[in-house]
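Input: a single structure, listed below in structure tokens.
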Amino acid sequence: MKRLKLAILISGRGSNMEALLEAATDPSYPAEPVLVASNRPDAKGLETAASAGIATASVDHKLYGKDRESFERALNAALEKAGTEIIALAGFMRVLTPWFVTRWEGRMINIHPSLLPKYKGLHTHQRAIEAGDAEGGCSVHWVSTGVDEGKVIAQARVPILPGDTEDSLAARVLVEEHKLYPRALAMACEQILAD
Ligand code: GRF
């Protein structure tokens, strides 16, 4: 069975990345990690990936100042060198330009900690609590030029409980993210392979 060459982009902790790497240890999983790249050289996830034997790259966005596209061209060169066929954004905290999004259209997915289309952007859990929502959750979606606006692939829901704080809800959602992302990435790969 064909496995798509997977690059995971992170900016920090990398717990979703770890869940994807773990799923991909199964040789029948439809994605094979070839690169973990970060825009922050000190991202903890880079160490985790290296200990798992995965190639890592760091492209420090600060070196490019306000020039987002030249940062992305450097990142893109690392992705192409690794033979990337699909990208999973996993806590990657840079907004991508239309140039990069178009380059990887139909080949890039993201995990977002809300039930999209609700709460695009930041502070999703706080906003769900303040709105009095009964449920929170997470979504995996295709990346399009509008931030957190691409077509949803799959979602997971959790209850919002009395007394929940941003942190307690985030922790409950994170457990679901780690189950959802490997499943949704497999669905995305299968869709690409079927085309
Ligand atoms: C996750 O909650 C993800 O949904 C959001 O950023 C967080 C990243 O966590 N986009 P981690 O780096 O995967 O641990």
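Residues are named by chain letter and number: chains run A, B, ... in the order of the structure tokens, numbers start at 1 in each chain, and ligands are numbered from 1 in the order shown.
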
Exercise for the section: Find the residues near ligand 1. Use a cut-off of 6 Å, count only C-alpha atoms and all ligand atoms, and write them as a ChimeraX atom specification. Expected result: /A:12-17,90-91,111-113,174

Exercise for the section: Fewer than 5 positions away in the same chain doesn't count, so skip those; otherwise give me all residues within 12 Å of Ala188 in chain A, counting only C-alpha atoms, as number ranges by chain. Expected result: A: 3-4, 6, 29-31, 85-88, 106-110, 140-143, 151-154, 181-183, 193-195

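The coordinates place CA of Leu46 in chain A at 24.1 Å from CA of Lys66 in chain A.
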
Practice task
Have a look at A:Ala78, A:Ala52, A:Leu122, A:Val101 and name the one nearest to Ala19 in chain A; count only C-alpha atoms.
Solution key: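 Closest to Ala19 in chain A, using only C-alpha atoms: A:Ala52.
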
Practice task
Go through A:Ala170, A:Leu75, A:Leu9, A:Ile54 one by one, measure the shortest atom-to-atom distance of each to Thr25 in chain A using only C-alpha atoms, and give the residue with the smallest value.
Solution key: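 Result for the nearest residue to Thr25 in chain A: A:Ile54.
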
Exercise for the section: Report as JSON, numbers by chain: the residues of range 9-47 of chain A with a DSSP assignment of strand (DSSP E or B), based on the backbone of this structure. Expected result: {"A": [9, 10, 31, 32, 33, 34, 35, 36, 37, 38]}

Print the selection's residues with N, CA, C and O atoms to a file, as a PDB file, in the first residue's frame.
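Result written to out_23.pdb:
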ATOM      1  N   LEU A   9       4.330  20.187  10.868  1.00  0.00           N
ATOM      2  CA  LEU A   9       4.850  21.513  11.240  1.00  0.00           C
ATOM      3  C   LEU A   9       4.376  21.861  12.646  1.00  0.00           C
ATOM      4  O   LEU A   9       3.179  21.792  12.930  1.00  0.00           O
ATOM      5  N   ILE A  10       5.312  22.232  13.493  1.00  0.00           N
ATOM      6  CA  ILE A  10       5.013  22.534  14.894  1.00  0.00           C
ATOM      7  C   ILE A  10       5.637  23.883  15.280  1.00  0.00           C
ATOM      8  O   ILE A  10       6.472  24.424  14.548  1.00  0.00           O
ATOM      9  N   ALA A  31       0.242   7.266   6.075  1.00  0.00           N
ATOM     10  CA  ALA A  31       1.240   8.341   6.000  1.00  0.00           C
ATOM     11  C   ALA A  31       2.520   7.880   6.684  1.00  0.00           C
ATOM     12  O   ALA A  31       2.483   7.176   7.699  1.00  0.00           O
ATOM     13  N   GLU A  32       3.641   8.325   6.091  1.00  0.00           N
ATOM     14  CA  GLU A  32       4.951   7.938   6.610  1.00  0.00           C
ATOM     15  C   GLU A  32       5.730   9.215   6.927  1.00  0.00           C
ATOM     16  O   GLU A  32       6.010   9.998   6.013  1.00  0.00           O
ATOM     17  N   PRO A  33       6.030   9.486   8.215  1.00  0.00           N
ATOM     18  CA  PRO A  33       6.684  10.758   8.557  1.00  0.00           C
ATOM     19  C   PRO A  33       8.094  10.855   7.965  1.00  0.00           C
ATOM     20  O   PRO A  33       8.894   9.939   8.135  1.00  0.00           O
ATOM     21  N   VAL A  34       8.342  11.946   7.239  1.00  0.00           N
ATOM     22  CA  VAL A  34       9.688  12.156   6.688  1.00  0.00           C
ATOM     23  C   VAL A  34      10.347  13.385   7.301  1.00  0.00           C
ATOM     24  O   VAL A  34      11.559  13.553   7.193  1.00  0.00           O
ATOM     25  N   LEU A  35       9.558  14.258   7.921  1.00  0.00           N
ATOM     26  CA  LEU A  35      10.133  15.493   8.460  1.00  0.00           C
ATOM     27  C   LEU A  35       9.228  16.098   9.520  1.00  0.00           C
ATOM     28  O   LEU A  35       8.007  16.104   9.357  1.00  0.00           O
ATOM     29  N   VAL A  36       9.846  16.592  10.601  1.00  0.00           N
ATOM     30  CA  VAL A  36       9.148  17.466  11.551  1.00  0.00           C
ATOM     31  C   VAL A  36       9.883  18.799  11.487  1.00  0.00           C
ATOM     32  O   VAL A  36      11.106  18.850  11.680  1.00  0.00           O
ATOM     33  N   ALA A  37       9.169  19.872  11.170  1.00  0.00           N
ATOM     34  CA  ALA A  37       9.812  21.184  11.046  1.00  0.00           C
ATOM     35  C   ALA A  37       9.135  22.180  11.978  1.00  0.00           C
ATOM     36  O   ALA A  37       7.928  22.109  12.220  1.00  0.00           O
ATOM     37  N   SER A  38       9.938  23.102  12.490  1.00  0.00           N
ATOM     38  CA  SER A  38       9.429  24.119  13.412  1.00  0.00           C
ATOM     39  C   SER A  38       9.919  25.501  13.003  1.00  0.00           C
ATOM     40  O   SER A  38      11.033  25.648  12.491  1.00  0.00           O
TER      41      SER A  38
END

Problem - Residue list (alpha helix (DSSP H), DSSP) for chain A, as number ranges by chain - result: A: 15-23, 44-51, 68-81, 98-103, 124-130, 166-194

Handout entry: Pick from A:Ala7, A:Glu176, A:Asp167, A:Asp148 nearest to Gly83 in chain A, counting only C-alpha atoms
Key =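 Selected residue with least distance to Gly83 in chain A: A:Ala7.
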
Handout entry: CA of Asp164 in chain A to CA of Leu89 in chain A, distance in Å rounded to a single decimal
Key =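 It comes out at 27.3 Å.
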
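With only C-alpha atoms as the atoms that count, the residue of A:Ile8, A:Leu63, A:Asn76, A:Met1 with the shortest distance to Gly45 in chain A is A:Ile8.
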